[in-house]
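**Q** File follows, work17.pdb with PDB, C-alpha atoms:
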```
ATOM      1  CA  MET L   1     105.874  87.890  97.310
ATOM      2  CA  MET L   2     102.644  88.917  95.659
ATOM      3  CA  ARG L   3     103.290  86.655  92.672
ATOM      4  CA  ALA L   4     103.919  83.772  95.066
ATOM      5  CA  CYS L   5     100.371  84.096  96.377
ATOM      6  CA  GLY L   6      98.916  84.397  92.886
ATOM      7  CA  PHE L   7      98.410  88.130  92.547
ATOM      8  CA  GLU L   8      99.956  90.555  90.070
ATOM      9  CA  ALA L   9      99.750  94.018  91.567
ATOM     10  CA  PRO L  10     100.262  97.233  89.546
ATOM     11  CA  TYR L  11     101.913  99.109  92.406
ATOM     12  CA  ALA L  12     102.038 102.856  92.250
ATOM     13  CA  SER L  13     105.482 104.192  91.435
ATOM     14  CA  ASP L  14     105.836 105.788  94.884
ATOM     15  CA  GLU L  15     104.895 102.639  96.833
ATOM     16  CA  THR L  16     108.101 101.123  98.166
ATOM     17  CA  PHE L  17     108.990  98.558 100.812
ATOM     18  CA  PRO L  18     112.230  98.179 102.776
ATOM     19  CA  PRO L  19     114.495  95.210 101.976
ATOM     20  CA  ALA L  20     113.336  91.916 103.453
ATOM     21  CA  ARG L  21     115.131  91.019 106.681
ATOM     22  CA  GLU L  22     114.980  88.719 109.663
ATOM     23  CA  ILE L  23     111.824  89.232 111.705
ATOM     24  CA  PHE L  24     111.747  88.608 115.452
ATOM     25  CA  PRO L  25     109.551  89.746 118.362
ATOM     26  CA  THR L  26     110.597  92.986 120.021
ATOM     27  CA  GLY L  27     108.222  93.145 122.989
ATOM     28  CA  THR L  28     107.936  96.665 124.365
ATOM     29  CA  LYS L  29     111.028  97.839 122.477
ATOM     30  CA  THR L  30     110.987  99.605 119.122
ATOM     31  CA  ALA L  31     108.684  97.630 116.849
ATOM     32  CA  ARG L  32     110.252  95.524 114.120
ATOM     33  CA  HIS L  33     107.847  95.166 111.216
ATOM     34  CA  GLY L  34     107.385  92.359 108.728
ATOM     35  CA  PRO L  35     105.327  92.005 105.538
ATOM     36  CA  VAL L  36     101.931  90.325 105.534
ATOM     37  CA  VAL L  37      99.368  89.865 102.759
ATOM     38  CA  ARG L  38      95.669  90.444 103.368
ATOM     39  CA  ARG L  39      92.481  91.513 101.625
ATOM     40  CA  ALA L  40      92.257  95.222 100.866
ATOM     41  CA  ALA L  41      89.545  97.031 102.815
ATOM     42  CA  GLY L  42      87.510  98.477  99.938
ATOM     43  CA  GLY L  43      86.724  98.287  96.239
ATOM     44  CA  ASN L  44      86.870  94.818  94.734
ATOM     45  CA  ARG L  45      89.131  93.815  97.661
ATOM     46  CA  PRO L  46      92.251  92.569  95.895
ATOM     47  CA  LEU L  47      95.197  91.365  97.927
ATOM     48  CA  GLU L  48      97.579  93.917  99.388
ATOM     49  CA  MET L  49     100.917  93.717 101.141
ATOM     50  CA  VAL L  50     101.406  95.781 104.300
ATOM     51  CA  LEU L  51     103.994  95.993 107.074
ATOM     52  CA  MET L  52     102.925  95.083 110.610
ATOM     53  CA  GLU L  53     104.523  94.491 113.983
ATOM     54  CA  TRP L  54     104.879  90.847 115.023
ATOM     55  CA  GLY L  55     103.028  90.198 118.278
ATOM     56  CA  PHE L  56      99.553  90.805 119.746
ATOM     57  CA  PRO L  57      99.736  92.977 122.890
ATOM     58  CA  THR L  58      98.237  91.632 126.097
ATOM     59  CA  LYS L  59      98.558  92.032 129.870
ATOM     60  CA  ILE L  60      99.754  89.272 132.208
ATOM     61  CA  PRO L  61     100.003  89.294 136.017
ATOM     62  CA  SER L  62     103.454  89.788 137.518
ATOM     63  CA  LYS L  63     104.924  86.715 139.241
ATOM     64  CA  ARG L  64     105.993  88.874 142.176
ATOM     65  CA  ASP L  65     102.698  90.721 142.521
ATOM     66  CA  PRO L  66      99.663  89.359 140.613
ATOM     67  CA  GLU L  67      97.937  92.713 141.074
ATOM     68  CA  ILE L  68     100.512  94.282 138.742
ATOM     69  CA  LYS L  69      99.881  93.682 135.044
ATOM     70  CA  LEU L  70     102.857  93.479 132.687
ATOM     71  CA  SER L  71     102.816  94.095 128.942
ATOM     72  CA  LYS L  72     103.535  91.084 126.734
ATOM     73  CA  TYR L  73     103.494  90.640 122.976
ATOM     74  CA  VAL L  74     102.285  87.191 121.923
ATOM     75  CA  THR L  75     103.625  86.089 118.541
ATOM     76  CA  ASN L  76     102.214  82.580 118.122
ATOM     77  CA  ALA L  77      98.519  81.656 118.250
ATOM     78  CA  ARG L  78      98.639  78.264 119.964
ATOM     79  CA  ASN L  79      94.989  77.960 121.025
ATOM     80  CA  LEU L  80      92.753  79.439 118.356
ATOM     81  CA  SER L  81      89.670  78.813 120.508
ATOM     82  CA  SER L  82      90.873  81.223 123.199
ATOM     83  CA  SER L  83      89.346  84.660 123.634
ATOM     84  CA  MET L  84      92.615  86.227 122.443
ATOM     85  CA  TRP L  85      92.581  84.647 118.990
ATOM     86  CA  SER L  86      88.997  83.561 118.338
ATOM     87  CA  PRO L  87      87.638  87.021 117.328
ATOM     88  CA  SER L  88      90.301  87.358 114.629
ATOM     89  CA  LEU L  89      89.844  83.786 113.387
ATOM     90  CA  LYS L  90      86.073  84.184 113.084
ATOM     91  CA  ASN L  91      86.430  87.391 111.064
ATOM     92  CA  PRO L  92      87.956  86.777 107.593
ATOM     93  CA  GLU L  93      88.924  90.449 107.424
ATOM     94  CA  ARG L  94      91.293  89.802 110.344
ATOM     95  CA  ARG L  95      93.090  86.908 108.655
ATOM     96  CA  CYS L  96      96.295  87.334 106.699
ATOM     97  CA  ILE L  97      99.098  85.258 105.216
ATOM     98  CA  VAL L  98     102.667  85.728 106.407
ATOM     99  CA  PRO L  99     105.428  85.149 103.825
ATOM    100  CA  PHE L 100     108.694  83.454 104.739
ATOM    101  CA  THR L 101     111.671  81.804 103.109
ATOM    102  CA  HIS L 102     112.962  80.111 106.292
ATOM    103  CA  PHE L 103     111.829  79.757 109.872
ATOM    104  CA  ALA L 104     113.945  78.747 112.850
ATOM    105  CA  GLU L 105     113.607  76.819 116.089
ATOM    106  CA  PRO L 106     116.240  76.718 118.863
ATOM    107  CA  HIS L 107     118.678  73.868 118.323
ATOM    108  CA  PRO L 108     118.403  71.331 121.195
ATOM    109  CA  GLU L 109     122.211  71.169 121.460
ATOM    110  CA  GLY L 110     122.419  74.835 122.400
ATOM    111  CA  GLY L 111     125.631  76.738 121.855
ATOM    112  CA  LYS L 112     126.473  79.182 119.086
ATOM    113  CA  GLY L 113     125.709  78.860 115.405
ATOM    114  CA  ASP L 114     127.902  79.789 112.440
ATOM    115  CA  ASP L 115     126.739  83.398 112.733
ATOM    116  CA  GLY L 116     127.763  83.739 116.387
ATOM    117  CA  GLN L 117     124.131  83.793 117.517
ATOM    118  CA  PRO L 118     122.350  81.043 119.486
ATOM    119  CA  LYS L 119     122.389  77.857 117.404
ATOM    120  CA  GLN L 120     119.157  77.159 115.521
ATOM    121  CA  MET L 121     117.669  74.644 113.135
ATOM    122  CA  TRP L 122     116.336  76.302 109.987
ATOM    123  CA  PHE L 123     113.402  74.969 107.956
ATOM    124  CA  SER L 124     112.279  75.819 104.423
ATOM    125  CA  LEU L 125     110.086  74.496 101.599
ATOM    126  CA  PRO L 126     112.171  73.187  98.668
ATOM    127  CA  ASP L 127     109.266  73.430  96.226
ATOM    128  CA  GLN L 128     108.255  76.969  97.271
ATOM    129  CA  PRO L 129     110.880  79.755  97.369
ATOM    130  CA  ILE L 130     108.340  81.737  99.396
ATOM    131  CA  GLY L 131     105.971  79.960 101.758
ATOM    132  CA  PHE L 132     103.097  81.349 103.812
ATOM    133  CA  PHE L 133     101.993  80.979 107.411
ATOM    134  CA  ALA L 134      98.327  81.230 108.421
ATOM    135  CA  GLY L 135      98.255  84.634 110.092
ATOM    136  CA  LEU L 136      95.879  86.799 112.104
ATOM    137  CA  TRP L 137      96.043  90.554 112.595
ATOM    138  CA  ARG L 138      94.377  93.352 114.520
ATOM    139  CA  PRO L 139      94.816  97.091 115.166
ATOM    140  CA  THR L 140      96.618  98.043 118.373
ATOM    141  CA  GLU L 141      97.757 101.230 120.101
ATOM    142  CA  ARG L 142     101.147 100.851 118.365
ATOM    143  CA  GLY L 143      99.629 100.160 114.943
ATOM    144  CA  GLU L 144      98.555  96.984 113.186
ATOM    145  CA  ALA L 145     100.049  93.757 114.560
ATOM    146  CA  PHE L 146     100.094  90.162 113.349
ATOM    147  CA  ALA L 147     100.670  86.677 114.726
ATOM    148  CA  PHE L 148     100.474  83.267 113.100
ATOM    149  CA  GLY L 149      98.901  79.994 114.116
ATOM    150  CA  THR L 150     100.841  77.005 115.407
ATOM    151  CA  THR L 151      99.937  73.332 115.433
ATOM    152  CA  GLU L 152     101.399  69.923 116.217
ATOM    153  CA  PRO L 153     104.833  69.438 114.603
ATOM    154  CA  ASN L 154     105.212  67.135 111.609
ATOM    155  CA  ASP L 155     107.801  64.352 111.382
ATOM    156  CA  ILE L 156     110.474  66.748 110.103
ATOM    157  CA  VAL L 157     110.118  69.428 112.781
ATOM    158  CA  ARG L 158     109.316  67.143 115.743
ATOM    159  CA  PRO L 159     112.862  65.841 116.369
ATOM    160  CA  TRP L 160     114.058  69.428 116.762
ATOM    161  CA  HIS L 161     111.015  71.106 118.282
ATOM    162  CA  PRO L 162     108.472  68.646 119.709
ATOM    163  CA  LYS L 163     106.027  71.256 121.017
ATOM    164  CA  ALA L 164     104.691  72.935 117.876
ATOM    165  CA  MET L 165     105.325  74.264 114.395
ATOM    166  CA  PRO L 166     103.836  77.169 112.406
ATOM    167  CA  VAL L 167     100.694  76.519 110.382
ATOM    168  CA  ILE L 168     101.974  76.495 106.790
ATOM    169  CA  LEU L 169      99.443  76.993 103.995
ATOM    170  CA  LYS L 170      99.698  75.337 100.608
ATOM    171  CA  PRO L 171      99.181  77.683  97.614
ATOM    172  CA  CYS L 172      95.764  76.135  96.917
ATOM    173  CA  ASP L 173      94.639  77.006 100.468
ATOM    174  CA  LEU L 174      95.574  80.689 100.579
ATOM    175  CA  LEU L 175      92.202  82.045  99.500
ATOM    176  CA  THR L 176      90.339  79.633 101.774
ATOM    177  CA  TRP L 177      92.275  81.012 104.724
ATOM    178  CA  LEU L 178      91.583  84.593 103.663
ATOM    179  CA  ASP L 179      87.940  84.212 102.676
ATOM    180  CA  GLY L 180      86.528  80.955 104.068
ATOM    181  CA  ASP L 181      84.196  80.543 107.027
ATOM    182  CA  THR L 182      85.515  79.670 110.474
ATOM    183  CA  ASP L 183      85.232  75.903 110.025
ATOM    184  CA  ALA L 184      87.052  76.003 106.685
ATOM    185  CA  ALA L 185      89.835  78.093 108.218
ATOM    186  CA  LYS L 186      90.160  75.801 111.250
ATOM    187  CA  ALA L 187      90.485  72.785 108.951
ATOM    188  CA  LEU L 188      93.735  74.272 107.604
ATOM    189  CA  VAL L 189      95.293  74.361 111.086
ATOM    190  CA  ARG L 190      97.245  71.107 110.807
ATOM    191  CA  PRO L 191     100.838  69.865 110.506
ATOM    192  CA  TYR L 192     102.363  70.586 107.103
ATOM    193  CA  ASP L 193     102.509  67.432 104.966
ATOM    194  CA  GLY L 194     104.549  68.747 102.018
ATOM    195  CA  PRO L 195     108.308  68.442 101.451
ATOM    196  CA  MET L 196     110.505  70.352 103.873
ATOM    197  CA  HIS L 197     114.226  70.955 104.126
ATOM    198  CA  HIS L 198     116.148  71.577 107.339
ATOM    199  CA  GLN L 199     119.652  72.880 107.935
ATOM    200  CA  VAL L 200     121.886  74.120 110.732
ATOM    201  CA  GLU L 201     123.681  76.632 108.505
ATOM    202  CA  THR L 202     122.308  80.148 108.776
ATOM    203  CA  PRO L 203     120.580  81.160 105.517
ATOM    204  CA  ARG L 204     122.361  83.937 103.655
ATOM    205  CA  GLY L 205     121.214  86.716 101.368
ATOM    206  CA  ASP L 206     118.176  88.990 101.259
ATOM    207  CA  LEU L 207     115.689  86.570 102.738
ATOM    208  CA  ILE L 208     112.509  86.823 104.744
ATOM    209  CA  GLU L 209     113.455  84.856 107.837
ATOM    210  CA  VAL L 210     111.054  84.325 110.733
ATOM    211  CA  ASP L 211     112.347  83.086 114.061
ATOM    212  CA  ALA L 212     109.385  80.977 115.165
TER     213      ALA L 212
END
```
Represent the structure contained in this file as structure tokens.
**A**
Amino acid sequence: MMRACGFEAPYASDETFPPAREIFPTGTKTARHGPVVRRAAGGNRPLEMVLMEWGFPTKIPSKRDPEIKLSKYVTNARNLSSSMWSPSLKNPERRCIVPFTHFAEPHPEGGKGDDGQPKQMWFSLPDQPIGFFAGLWRPTERGEAFAFGTTEPNDIVRPWHPKAMPVILKPCDLLTWLDGDTDAAKALVRPYDGPMHHQVETPRGDLIEVDA
């Protein structure tokens, strides 16, 4: 993953990470963590890979009683101008890049897929074994948490999910997302215009899969 974003890291011998696995939001249940890449806090600030929970915590009013606030974990940053996401976007230290091999959207036909789970359409980048979403992160009471931006779907995703798609960064844009000013970062929030592959078959193997 680190090589994919252009960084060769001499990891310490005792620094280990669990095998990559499917990442999905867990809400208030036991957190399920995924890898993200960000700037290190000190020194010459090289890139570092850390594990974070997927989903920013927030409170929403109950439908039955608006006076009661319910916990919710928001995984996708749809409106980057909102008060929930804007502080992280404006602060480069709160930006990160989220690696993936595939991401999924619910299949409009419904039903079960080949793995017995709800049927999905899977998307990947044929020219990049590991791609990166434009992510944001912040500390929370349960530890550090991340989300990633979404934007209008491109022509490949739209037939299957017309509402939105993740913001996918090209390799040449990774450092701009991590280090650029707010306007430069916002300019990268756009539909992906590179080659994409889609499939109904569930990806196999030790992959980093993100259910978007």
**Q** Work out how far apart CA of Gly34 (chain L) and CA of Gln120 (chain L) are and give it in Å to one decimal.
**A**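 A separation of 20.4 Å between them.
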**Q** Let me know the residues the PyMOL selection byres ((chain L and resi 133-150) around 8) catches in the file above, as a VMD selection string.
**A** chain L and resid 52 to 57 74 to 78 80 85 88 to 89 94 to 100 131 to 132 151 to 152 164 to 169 177 189
**Q** Set the distance at 8 Å and use all atoms listed in the file: which residues neighbour Val50 (chain L) once local chain neighbours fewer than 6 positions away are removed? I'd like the list as number ranges by chain.
**A** L: 35-38
**Q** Taking (87.9, 82.7, 103.8) in the file's own coordinates, collect the residues within 12 Å, counting only C-alpha atoms, and hand them back as a list of chain:residue names.
**A**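 Applying the cut-off with only C-alpha atoms, one gets L:Arg38, L:Arg39, L:Leu89, L:Lys90, L:Asn91, L:Pro92, L:Glu93, L:Arg94, L:Arg95, L:Cys96, L:Ile97, L:Ala134, L:Asp173, L:Leu174, L:Leu175, L:Thr176, L:Trp177, L:Leu178, L:Asp179, L:Gly180, L:Asp181, L:Thr182, L:Asp183, L:Ala184, L:Ala185, L:Lys186, L:Ala187, L:Leu188.
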**Q** Which is closest to Pro118 (chain L) among L:Glu201, L:Lys170, L:Val157, L:Arg32, if we use all atoms listed in the file?
**A**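 Checking each of L:Glu201, L:Lys170, L:Val157, L:Arg32 against Pro118 (chain L), counting all atoms listed in the file, the winner is L:Glu201.
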**Q** Can you tell me how far CA of His197 (chain L) sits from CA of Arg158 (chain L), in Å to one decimal?
**A** 13.2 Å
**Q** L:Ala40, L:Pro171, L:Arg204, L:His198: which is nearest Glu105 (chain L), counting only C-alpha atoms?
**A**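 Under the stated criterion, the closest residue is L:His198.
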**Q** Using only C-alpha atoms, which residues sit within 7 Å of Lys119 (chain L) once same-chain residues fewer than 6 positions away are excluded, as a PyMOL selection string?
**A** chain L and resi 106-107+110-113
**Q** Let me make sure I understand: among L:Asp115, L:Glu109, L:Ala104, L:Pro159, which one has the smallest atom-to-atom distance to Gln199 (chain L) if we use only C-alpha atoms?
**A**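 Closest candidate: L:Ala104.
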**Q** Calculated over all atoms listed in the file, which of the candidates L:Ile156, L:Met196, L:Leu125, L:Cys172 has the smallest distance to Thr101 (chain L)?
**A**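 Nearest to Thr101 (chain L): L:Leu125.
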**Q** Between L:Ala41, L:His161, L:Val200, L:Ser82, single out the one closest to Met121 (chain L), counting all atoms listed in the file.
**A**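 For Met121 (chain L), the nearest of the given residues is L:Val200.
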**Q** Report, in Å with one decimal, the straight-line distance from CA of Ser86 (chain L) to CA of Lys72 (chain L).
**A**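 For CA of Ser86 (chain L) relative to CA of Lys72 (chain L), the distance reads 18.4 Å.
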**Q** Could you work out an axis-aligned box for region 169-179 of chain L, taking every atom the file lists and adding 6 Å on each side, and report centre and edge lengths in Å to one decimal, as JSON?
**A**
```
{"center_x": 93.8, "center_y": 80.0, "center_z": 100.8, "size_x": 23.8, "size_y": 21.3, "size_z": 19.8}
```
**Q** Kindly add N, CA and C atoms to the incomplete region 109-140 of chain L and provide the output as a JSON list (two decimals), in the frame of the given file.
**A**
```json
[["chain", "number", "residue", "atom", "x", "y", "z"],
["L", 109, "GLU", "N", 120.84, 71.26, 120.94],
["L", 109, "GLU", "CA", 122.21, 71.17, 121.46],
["L", 109, "GLU", "C", 122.66, 72.45, 122.14],
["L", 110, "GLY", "N", 121.99, 73.56, 121.85],
["L", 110, "GLY", "CA", 122.42, 74.83, 122.40],
["L", 110, "GLY", "C", 123.71, 75.30, 121.75],
["L", 111, "GLY", "N", 124.38, 76.23, 122.39],
["L", 111, "GLY", "CA", 125.63, 76.74, 121.86],
["L", 111, "GLY", "C", 125.42, 77.81, 120.80],
["L", 112, "LYS", "N", 126.50, 78.13, 120.09],
["L", 112, "LYS", "CA", 126.47, 79.18, 119.09],
["L", 112, "LYS", "C", 126.44, 78.59, 117.68],
["L", 113, "GLY", "N", 125.75, 79.27, 116.79],
["L", 113, "GLY", "CA", 125.71, 78.86, 115.40],
["L", 113, "GLY", "C", 126.84, 79.48, 114.61],
["L", 114, "ASP", "N", 126.83, 79.28, 113.28],
["L", 114, "ASP", "CA", 127.90, 79.79, 112.44],
["L", 114, "ASP", "C", 127.88, 81.30, 112.31],
["L", 115, "ASP", "N", 126.82, 81.94, 112.78],
["L", 115, "ASP", "CA", 126.74, 83.40, 112.73],
["L", 115, "ASP", "C", 127.04, 84.03, 114.08],
["L", 116, "GLY", "N", 127.47, 83.22, 115.07],
["L", 116, "GLY", "CA", 127.76, 83.74, 116.39],
["L", 116, "GLY", "C", 126.55, 83.92, 117.28],
["L", 117, "GLN", "N", 125.36, 83.68, 116.74],
["L", 117, "GLN", "CA", 124.13, 83.79, 117.52],
["L", 117, "GLN", "C", 123.76, 82.42, 118.08],
["L", 118, "PRO", "N", 122.77, 82.36, 118.98],
["L", 118, "PRO", "CA", 122.35, 81.04, 119.49],
["L", 118, "PRO", "C", 122.04, 80.08, 118.33],
["L", 119, "LYS", "N", 122.53, 78.85, 118.47],
["L", 119, "LYS", "CA", 122.39, 77.86, 117.40],
["L", 119, "LYS", "C", 120.92, 77.52, 117.17],
["L", 120, "GLN", "N", 120.54, 77.43, 115.89],
["L", 120, "GLN", "CA", 119.16, 77.16, 115.52],
["L", 120, "GLN", "C", 119.10, 76.11, 114.41],
["L", 121, "MET", "N", 117.95, 75.50, 114.29],
["L", 121, "MET", "CA", 117.67, 74.64, 113.14],
["L", 121, "MET", "C", 116.71, 75.41, 112.22],
["L", 122, "TRP", "N", 117.11, 75.53, 110.96],
["L", 122, "TRP", "CA", 116.34, 76.30, 109.99],
["L", 122, "TRP", "C", 115.53, 75.37, 109.10],
["L", 123, "PHE", "N", 114.30, 75.76, 108.79],
["L", 123, "PHE", "CA", 113.40, 74.97, 107.96],
["L", 123, "PHE", "C", 112.94, 75.80, 106.75],
["L", 124, "SER", "N", 112.76, 75.14, 105.62],
["L", 124, "SER", "CA", 112.28, 75.82, 104.42],
["L", 124, "SER", "C", 111.51, 74.82, 103.57],
["L", 125, "LEU", "N", 110.88, 75.32, 102.51],
["L", 125, "LEU", "CA", 110.09, 74.50, 101.60],
["L", 125, "LEU", "C", 110.82, 74.42, 100.27],
["L", 126, "PRO", "N", 111.37, 73.27, 99.90],
["L", 126, "PRO", "CA", 112.17, 73.19, 98.67],
["L", 126, "PRO", "C", 111.38, 73.44, 97.40],
["L", 127, "ASP", "N", 110.07, 73.22, 97.43],
["L", 127, "ASP", "CA", 109.27, 73.43, 96.23],
["L", 127, "ASP", "C", 108.60, 74.79, 96.20],
["L", 128, "GLN", "N", 108.84, 75.63, 97.23],
["L", 128, "GLN", "CA", 108.26, 76.97, 97.27],
["L", 128, "GLN", "C", 109.31, 77.95, 97.77],
["L", 129, "PRO", "N", 109.90, 78.76, 96.90],
["L", 129, "PRO", "CA", 110.88, 79.76, 97.37],
["L", 129, "PRO", "C", 110.32, 80.67, 98.45],
["L", 130, "ILE", "N", 109.02, 80.96, 98.37],
["L", 130, "ILE", "CA", 108.34, 81.74, 99.40],
["L", 130, "ILE", "C", 107.15, 80.93, 99.87],
["L", 131, "GLY", "N", 107.11, 80.64, 101.16],
["L", 131, "GLY", "CA", 105.97, 79.96, 101.76],
["L", 131, "GLY", "C", 105.12, 80.94, 102.54],
["L", 132, "PHE", "N", 104.00, 80.46, 103.08],
["L", 132, "PHE", "CA", 103.10, 81.35, 103.81],
["L", 132, "PHE", "C", 102.57, 80.68, 105.07],
["L", 133, "PHE", "N", 102.63, 81.40, 106.17],
["L", 133, "PHE", "CA", 101.99, 80.98, 107.41],
["L", 133, "PHE", "C", 100.55, 81.49, 107.44],
["L", 134, "ALA", "N", 99.70, 80.79, 108.19],
["L", 134, "ALA", "CA", 98.33, 81.23, 108.42],
["L", 134, "ALA", "C", 98.35, 82.28, 109.52],
["L", 135, "GLY", "N", 98.12, 83.54, 109.15],
["L", 135, "GLY", "CA", 98.26, 84.63, 110.09],
["L", 135, "GLY", "C", 96.94, 85.26, 110.50],
["L", 136, "LEU", "N", 96.99, 85.99, 111.60],
["L", 136, "LEU", "CA", 95.88, 86.80, 112.10],
["L", 136, "LEU", "C", 96.43, 88.19, 112.40],
["L", 137, "TRP", "N", 95.58, 89.21, 112.30],
["L", 137, "TRP", "CA", 96.04, 90.55, 112.60],
["L", 137, "TRP", "C", 94.94, 91.35, 113.27],
["L", 138, "ARG", "N", 95.35, 92.44, 113.92],
["L", 138, "ARG", "CA", 94.38, 93.35, 114.52],
["L", 138, "ARG", "C", 95.04, 94.70, 114.76],
["L", 139, "PRO", "N", 94.25, 95.78, 114.83],
["L", 139, "PRO", "CA", 94.82, 97.09, 115.17],
["L", 139, "PRO", "C", 95.15, 97.15, 116.65],
["L", 140, "THR", "N", 96.22, 97.86, 116.98],
["L", 140, "THR", "CA", 96.62, 98.04, 118.37],
["L", 140, "THR", "C", 97.00, 99.51, 118.58]]
```
